[in-house]
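Novice: Please find one structure pasted underneath; my questions will follow.
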Amino acid sequence: MSSSFQAPKGVSEYVPPRADLFYAIREAFAEQARLAGYGYLELAVFEDTNLFRRGVGESTDVVSKEMYTFEDRGGRSLTLRPEFTASVLRAVLENGLHKEGGLPVKVWTTGPAFRAERPQKGRYRQFYQLDLEAIGSEDPQVDAETIAIAAGWYRSLGLTRVRLLLNSLGCKECRPAYRARLQEFLRGLDLDEATRARIEINPLRVLDDKRPRVQEQLADAPLMADHLCAACKAHHDRVRELLADLGIEWEDTPRLVRGLDYYTRTTYEFDHPLLGAQSGIGGGGRYDGLSEDIGGPALPGIGFGLGLDRTILALEAEGAEFAPKPRCEVFGVALGETAERRLFGLVAELRRAGVAADMAFGGKKLKGAMKDADRSGARFAIILGERDLADGVAQVKELGSGEQSAVSLNNVASVLKERLSR
Ligand code: HAM
């Protein structure tokens, strides 16, 4: 019987064995980030509500409909983070990391984020992201570097069907004129009330409307790509050259608009074709005005957020080979108290030698203990009886083949380590 409680609706949780996969893919990301010189941040899970209002933008669905906002006991308005970028930038500025020299500041973080969305497969109210940001450089090489890190991570997991969708959203020089032009075009269309309202608040989002009736009318809509200023065009061309140099494939997607207001220039999304409606497994881009929006100095930035939950769904959908390191490689079974005591020490010795080892507890009989050994997923069992102990040996059994031999107790750890490496 379970307890009378359940996790709140829409919360994504992980228990073994899926949780082992969750943890392992996060570790694989930590390695990619380390190799590229990104340092780790551990951040607040809730923030001053105004950080997201000003950072992410009032007109976005995230801020206007999906935030978990509450008043604390001191009457302050706080919000569970719906994303990481605003928090990362807040922490960088607050700790003066941008003043230490050596821009860009390169950091990453991970953890849960919260959006009050309608839950469905791949869309949760508590979900998990890997977030990486490079703050303080306009160099297009940094744009390409972030994309290469994400692509490298997907590749390291064995995912082969991830698509990179790429666009440029211009800058504060060229976007206002384009926005006005787009608004003019959209006002002439036959659209419902809510969409008409959106034209005035956030016209670019209308391009993203998935309904066929809307899409049909958008065929001749002006595109940002055709209205970039010279500097934005040069930047975008350079990013694409660098991606080509790195052998990274992408699809130019001139209608790609992301759901957060801070994006400028390079914007991208990673998409997985087997995931249905929630196919966006990661997304990112530049936010050259965000620092000023939250009261900081002019400080350009770029980064991404990758969805851990959807990445796991993608791994499962592709049947990718990536597997976490086993939790148990060797399982110990002792017969009798003296043997059990020796085995307990042996298991500790194996762990010190870097072998994942476990044993049967509670004085189990041979049959029950061997069942535990099979269930543990271990490749080898060590069986230690009083007789073996007297002879100074342990029985080492390969669980797959059933093959068994006596190994001197002094050598068990090194013999097993060697056999496991084969
Ligand atoms: P985002 O596109 O809103 O971007 O989220 C990034 C990823 O988080 C998505 O591609 C998706 O995989 C995952 N995700 C978002 N919402 C949910 C949800 N309700 N359930 C499950 N997964 C979800 C950002 O958050 C930006 N801060 C990314 C960024 C960083 N841009 C620049 N730097």
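Ordering of the structure tokens sets the chain letters (A, B, ...); residue numbers start at 1 within each chain; ligands are numbered from 1 in the order shown.
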Report as a tab-separated table the residues of chain A within 7 Å of ligand 1, each with its shortest atom pair and distance in Å (one decimal), using only C-alpha atoms and all ligand atoms, ordered by chain and increasing residue number.

Specialist:
residue	atom	partner	partner_atom_place_in_ligand_line	distance
A:Glu83	CA	ligand 1	25 (O)	4.4
A:Phe84	CA	ligand 1	27 (N)	5.2
A:Thr85	CA	ligand 1	27 (N)	4.7
A:Arg115	CA	ligand 1	19 (N)	5.8
A:Glu117	CA	ligand 1	19 (N)	6.1
A:Gly122	CA	ligand 1	21 (C)	5.2
A:Arg123	CA	ligand 1	20 (N)	3.5
A:Tyr124	CA	ligand 1	20 (N)	4.0
A:Arg125	CA	ligand 1	19 (N)	5.5
A:Gln126	CA	ligand 1	20 (N)	6.9
A:Phe127	CA	ligand 1	21 (C)	5.0
A:Tyr128	CA	ligand 1	22 (N)	6.6
A:Gln129	CA	ligand 1	8 (O)	5.7
A:Asp131	CA	ligand 1	30 (C)	5.8
A:Leu132	CA	ligand 1	30 (C)	6.5
A:Glu133	CA	ligand 1	33 (N)	5.8
A:Arg258	CA	ligand 1	2 (O)	6.7
A:Gly259	CA	ligand 1	3 (O)	6.3
A:Leu260	CA	ligand 1	3 (O)	6.8
A:Glu269	CA	ligand 1	10 (O)	6.8
A:Phe270	CA	ligand 1	10 (O)	6.9
A:Gly280	CA	ligand 1	10 (O)	4.4
A:Ile281	CA	ligand 1	12 (O)	3.5
A:Gly282	CA	ligand 1	10 (O)	3.2
A:Gly283	CA	ligand 1	2 (O)	4.6
A:Gly284	CA	ligand 1	31 (N)	3.6
A:Gly285	CA	ligand 1	32 (C)	4.8
A:Arg286	CA	ligand 1	32 (C)	6.3
A:Tyr287	CA	ligand 1	32 (C)	7.0
A:Ile302	CA	ligand 1	32 (C)	5.7
A:Gly303	CA	ligand 1	33 (N)	3.7
A:Phe304	CA	ligand 1	30 (C)	3.4
A:Gly305	CA	ligand 1	28 (C)	3.9
A:Leu306	CA	ligand 1	7 (C)	4.7
A:Gly307	CA	ligand 1	12 (O)	3.4
A:Leu308	CA	ligand 1	12 (O)	6.8
A:Asp309	CA	ligand 1	21 (C)	6.0
A:Arg310	CA	ligand 1	12 (O)	5.6

Novice: Give me the residues near stretch 193-201 of chain A as a list in words, where near means some atom within 8 Å (using only C-alpha atoms) and where sequence neighbours in that chain fewer than 5 positions away do not count.

Specialist: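 Here the qualifying residues turn out to be Ser59, Gln183, Leu186, Arg187 and Val206 of chain A.
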
Novice: The selected residues should be written to file as a tab-separated table (two decimals), in the first residue's frame (atoms: N, CA, C and O atoms).

Specialist:
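Everything below was put into out.tsv:
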chain	number	residue	atom	x	y	z
A	59	SER	N	5.13	40.29	-21.73
A	59	SER	CA	4.24	39.85	-22.80
A	59	SER	C	4.35	38.35	-23.07
A	59	SER	O	3.61	37.80	-23.86
A	183	GLN	N	3.90	44.14	-38.11
A	183	GLN	CA	2.60	44.52	-37.55
A	183	GLN	C	1.65	45.00	-38.64
A	183	GLN	O	0.49	44.61	-38.68
A	186	LEU	N	0.41	42.02	-40.49
A	186	LEU	CA	-0.50	41.17	-39.71
A	186	LEU	C	-1.86	41.83	-39.51
A	186	LEU	O	-2.89	41.17	-39.50
A	187	ARG	N	-1.87	43.16	-39.39
A	187	ARG	CA	-3.14	43.86	-39.18
A	187	ARG	C	-4.08	43.67	-40.36
A	187	ARG	O	-5.29	43.77	-40.22
A	206	VAL	N	3.26	35.78	-33.36
A	206	VAL	CA	2.20	35.35	-34.28
A	206	VAL	C	2.78	34.44	-35.36
A	206	VAL	O	2.13	33.48	-35.80

Novice: Kindly assemble as CSV a list of the stretch 160-215 of chain A residues that lie within 8 Å of stretch 228-236 of chain A, each paired with its nearest atom pair and their distance in Å to one decimal, using only C-alpha atoms, sorted first by chain and then by ascending residue number.

Specialist:
residue,atom,partner,partner_atom,distance
A:Ser168,CA,A:His236,CA,6.5
A:Gly170,CA,A:Leu228,CA,5.7
A:Cys171,CA,A:Cys232,CA,7.0
A:Glu173,CA,A:Cys229,CA,7.2
A:Cys174,CA,A:Cys229,CA,5.4
A:Arg175,CA,A:Leu228,CA,7.6

Novice: Considering only C-alpha atoms, can you say which of A:Asp208, A:Glu386, A:Glu340, A:Asp48 comes closest to A:Gly75?

Specialist: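 Checking each candidate against A:Gly75, we get A:Asp48 as the closest.
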
Novice: Quick check, in Å to one decimal: how far apart do atom CA of A:Val105 and atom CA of A:Ile135 lie?

Specialist: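 Computing it gives 5.0 Å between the two atoms.
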